[in-house]
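Single-structure report; data block below.
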Amino acid sequence: MDKSYDPEVKFKLDMGVVHPAPSTVTRGQWSSKVEFLLAVAGQIIGLGNVWRFPYLCYKNGGGVFFIPYVLFLFTCGIPLFLLETSLGQYTTQGGITCWRKICPLFEGIGFGSQVVVLYSSIYYIIILAWAFFYLFSSFSSELPWASCRNSWNTETCVEFGLNADHMNWSVAENSTSPVREFWERRVLNITGDVHELGSIRWELALCLLLSWITCYFCVWKGVKSTGKVVYFTATFPYVMLVVLLVRGITLPGAIDGIKFYLYPDPSRLTDPQVWMDAGTQIFYSYAICIGCLTALGSYNKYNNNCYKDCVYLCLLNSGTSFVAGFAIFSALGFMAYEQNTDISKVAESGPGLAFIAYPRAVAMMPLPQLWAIFFFIMIILLGLDSEFVGLEALVTAVSDLNPSFFHTGHRRKLLLLAICAGSFLIGLVMVTEGGLYIFQLFDYYACSGMTLLLFAILQSVSIGWVYGADRFYDNIEDMIGYRPLPLIKYCLKYITPVVCMGTFVFSLIKYTPLKFNNTVEYPWWGYALGLWFTLSSTLIVPLWMLYNVSVTPGTLRQRISFLCTPVDDLPLTKAQKKQLDVIRPFNSLEAQQETSAWSSCKDSGPI
């Protein structure tokens with residue numbers, strides 16, 4: 001517990017001991033507000049906006065999917081987004097030490113979230129390696145996935161939709177498309193069994209190395225370099241998206257694709273899975289509960305209007321997802337039109353959309369190489385800024401644990417280099433011939449929705465109840481000059497934890513073990529690895545609570561009370577400043593009286 005000293009003792013300590021001047025450690029700030037907005041936009045607007053949201057819309061009732069989506073946005077997304085951003089701005093700390101200052105009992109949230117960031121950084125960048133491979137392959141006279149006349153193609157390869165008479169063909173049941181064979185046999189050369197990893201695909205390994213080198217130099221000078229890079233990486237994907245959108249809606253069959261994307265089916269609202277999909281999409285696409293927003297907010301100026309920024313960024317993120325659906329489904333509608341088939345047979349989600357469905361649609365367009373280059377540049381940039389901003393958040397969290405050490409010389413750069421090199425070596429497992437099996441384990445378990453939901457519950461409880469929602473609002477008011485909408489405060493206290501808890505329980509009930517391509521079961525070691533990914537981040541929270549309680553002196557009640565109390569060096573709220581202004585004149589008067597009494601005693605000489 002803290003020891004209290006009398007003013008006189010403090011005075012003697014200060015006057016009697018000469019303290020050496022501490023070495024100043026410059027943590028850095030964004031050069032402008034635009035850099036912060038672009039960095040956050042780059043982090044939250046990623047591949048999920050392009051390849052997951054549109055698919056979920058059509059799968060879950062088209063336009064009616066926006067009802068649960070908007071509900072989750074305003075009850076969970078925006079409140080947690082504001083919580084994390086303002087927490088970083090108020091404490092000027094990364095994703096771990098911010099909890100140490102606000103509520104030490106919940107410091108494990110910070111450590112657990114950074115484990116999730118590390119796992120996601122290791123596997124997410126594999127997508128960039130695949131995209132680089134496709135991009136380099138697009139610089140050819142004919143797209144290699146457009147025909148069956150390549151060395152990797154099999155006898156069952158069939159070029160669908162080459163002419164209007166394709167419906168009269170007799171196609172074998174086991175026939176495959178050239179774009180799928182390019183993905184499975186040329187890019188991945190995937191093995192036939194989960195037990196076989198095979199050899200490293202060195203072309204993919206070089207693409208992975210290129211991705212890590214690019215990320216390293218985007219982050220190596222901290223916010224000084226990150227703030228400049230995002231001017232390009234966060235804005236250029238919008239240029240590509242607009243180009244692809246304009247091209248897509250002018251293709252024949254595009255209207256049918258858009259209708260399929262948005263056609264409302266109100267009966268789908270009775271399915272709990274639709275609500276589950278809406279909630280998980282909010283958590284994934286808004287990068288909440290992983291500490292990245294806290295780290296980015298910590299580089300803001302204290303008086304930055306983080307409340308207004310959060311609302312604008314959330315609306316931008318959801319708007320981007322909505323517009324991306326038009327670009328994607330207009331192209332899929334064109335592909336269905338060319339093949340004279342139903343759109344449901346060509347619509348896919350995730351990597352299947354980026355590396356099978358959309359490249360197949362591009363191959364049918366005039367000037368296919370140009371549109372392929374545009375598409376994969378957009379994919380690379382969308383993934384790149386999400387990757388290196390997450391990396392910046394991880395390095396920030398670690399360096400804030402011991403700033404006097406890591407901010408000296410080139411130690412921060414060496415820390416970043418060690419993380420990148422170690423992650424690259426681990427990632428080589430996922431560019432082997434059986435690497436896709438490991439990739440899906442990371443994707444399913446490492447960034448599990450249940451883990452993020454648990455962190456969301458703990459965050460809202462710790463701020464809404466332990467730290468205090470009113471005190472939190474006082475902090476925001478001190479930073480921006482006014483109090484945010486009261487609805488957000490009540491969401492943090494009541495609605496957010498209840499909704500997240502309901503979704504968490506539903507996730508547990510509906511949980512099914514991962515199967516590769518929904519058919520092949522993993523061996524025991526695969527599920528053991530997945531269990532490690534989930535528990536290694538989740539169990540840190542209760543274990544760190546027990547550790548903090550055990551090392552804190554006092555009775556159990558005193559320990560918990562101390563660990564739920566913020567540190568003293570946080571900025572004062574307006575109420576605290578007013579209270580201090582009232583107390584300060586009395587303290588000054590007492591000090592003057594003590595000084596005059598001491599002077600009179602000294603003048604009168606020894607007694």
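Naming works like this for the structure tokens: A, B, ... for the chains as they're shown, residue 1 at the start of each chain, ligands 1 onward in shown order.
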
* Which neighbours of stretch 383-398 of chain A fall inside 8 Å, counting only C-alpha atoms, when residues of the same chain fewer than 4 positions from it are skipped, and could you give them as a ChimeraX atom specification? -> /A:39,42-47,93-97,114,117-118,121,124-125,127-128,211,215-216,218-219,222,226,230,233-234,291-293,295-296,379,402,412,415-416

* Asked: What lies within 9 Å of A:Leu529 using only C-alpha atoms, ignoring chain neighbours under 3 positions off, as a list of chain:residue names?
  ->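 So, after excluding close chain neighbours, the residues are A:Leu441, A:Phe442, A:Tyr445, A:Trp524, A:Trp525, A:Gly526, A:Trp532, A:Phe533, A:Thr534.
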
* Considering only C-alpha atoms, return as an NGL selection string whatever protein or nucleic-acid residues lie within 12 Å of stretch 145-160 of chain A, sequence-local ones (same chain, fewer than 5 positions apart) excluded. => :A and (134 or 137-138 or 140 or 165-189 or 335-341 or 355-365 or 368-369 or 372)

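For the set A:Gly61, A:Gly319, A:Gly297, A:Pro104, the residue with the smallest atom-to-atom gap to A:Leu546 is A:Pro104, counting only C-alpha atoms.
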
* If you run DSSP over the backbone, which residues in stretch 217-285 of chain A end up helix (DSSP H, G or I)? Put them as a PyMOL selection string. => chain A and resi 217-219+223-233+236-249+254-262+266-270+272-285

* For A:Met479, the nearest of the candidates A:Leu87, A:Ile288, A:Met450, A:Val50, counting only C-alpha atoms ->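 Nearest candidate to A:Met479 out of A:Leu87, A:Ile288, A:Met450, A:Val50: A:Leu87.
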
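A straight line drawn from atom CA of A:Pro79 to atom CA of A:Lys578 is 28.4 Å long.
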
* Kindly indicate which residue among A:Ser537, A:Thr512, A:Ser550, A:Gln29 lies nearest to A:Lys224, using only C-alpha atoms for the distances. =>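 Ranking A:Ser537, A:Thr512, A:Ser550, A:Gln29 by distance to A:Lys224, first place goes to A:Gln29.
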
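Nearest-residue note for A:Leu245: choosing from A:Val466, A:Ile457, A:Ala327, A:Cys564, the minimum distance belongs to A:Ala327, counting only C-alpha atoms.
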
* Got a sec: who's within 12 Å of A:Ser31, counting only C-alpha atoms, leaving out chain neighbours fewer than 5 positions off, as a list in words? ->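 With the cut-off at 12 Å, the set is Phe36, Leu37, Gly222, Val223, Lys224, Ser225, Thr226, Gly227, Lys228, Tyr299, Asn300 and Lys301 of chain A.
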
* Shell of 9 Å around A:Val64, only C-alpha atoms, local chain residues under 6 positions omitted, as a ChimeraX atom specification -> /A:57,262-266,268-269

* To do: One decimal, Å: what's the distance from atom CA of A:Glu203 over to atom CA of A:Thr432, could you say?
  =>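 So the answer is 10.4 Å.
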
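Shortest separation to A:Leu241 among A:Leu56, A:Val34, A:Cys207, A:Leu381 occurs at residue A:Leu381, atoms counted being only C-alpha atoms.
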
* Near A:Trp275, within 10 Å and counting only C-alpha atoms, which residues show up once chain neighbours fewer than 6 positions away are dropped, as a list in words? ->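 The residues satisfying every condition are Asn60, Phe65, Ile67, Pro68, Tyr69, Leu71, Phe72, Arg268, Leu269, Gln281 and Thr503 of chain A.
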
Can you write out the residues you just picked, keeping C-alpha atoms, as a compact mmCIF listing (two decimals), in the first residue's frame?
```txt
# COMPACT_ATOMS: atom_id res chain seq x y z
CA ASN A 60 -28.05 -13.90 -43.90
CA PHE A 65 -28.80 -8.31 -42.19
CA ILE A 67 -30.80 -4.72 -38.69
CA PRO A 68 -28.69 -6.92 -36.36
CA TYR A 69 -25.50 -5.40 -37.78
CA LEU A 71 -27.81 -2.95 -33.53
CA PHE A 72 -24.46 -4.53 -32.65
CA ARG A 268 -33.78 -14.95 -41.67
CA LEU A 269 -34.04 -12.68 -38.62
CA GLN A 281 -18.36 -9.23 -37.90
CA THR A 503 -23.27 -14.05 -27.80
```

* To do: Please identify all polymer residues within 8 Å of A:Gly108, counting only C-alpha atoms, omitting same-chain residues fewer than 5 positions from it, and present them as a list in words.
  =>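 So, after excluding close chain neighbours, the residues are Ile96, Ile540, Val541, Pro542, Leu543, Trp544 and Met545 of chain A.
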
Filtering to N, CA and C atoms, could you give me those residues as a tab-separated table (two decimals), in the first residue's frame?
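Wrote it out as part-v6.tsv, contents follow:
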```tsv
chain	number	residue	atom	x	y	z
A	96	ILE	N	-1.10	-2.70	-22.74
A	96	ILE	CA	-0.89	-3.39	-21.46
A	96	ILE	C	-0.86	-2.41	-20.30
A	540	ILE	N	-4.61	-15.94	-19.52
A	540	ILE	CA	-3.71	-14.94	-18.95
A	540	ILE	C	-4.48	-14.00	-18.01
A	541	VAL	N	-5.74	-13.72	-18.34
A	541	VAL	CA	-6.50	-12.75	-17.54
A	541	VAL	C	-6.71	-13.24	-16.11
A	542	PRO	N	-7.31	-14.42	-15.87
A	542	PRO	CA	-7.47	-14.86	-14.48
A	542	PRO	C	-6.15	-15.17	-13.80
A	543	LEU	N	-5.17	-15.72	-14.53
A	543	LEU	CA	-3.88	-16.03	-13.92
A	543	LEU	C	-3.16	-14.76	-13.47
A	544	TRP	N	-3.26	-13.69	-14.28
A	544	TRP	CA	-2.62	-12.44	-13.89
A	544	TRP	C	-3.34	-11.80	-12.71
A	545	MET	N	-4.65	-11.96	-12.64
A	545	MET	CA	-5.39	-11.48	-11.47
A	545	MET	C	-4.89	-12.15	-10.20
```

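Atom CA of A:Leu367 is positioned 17.9 Å from atom CA of A:Ala254.
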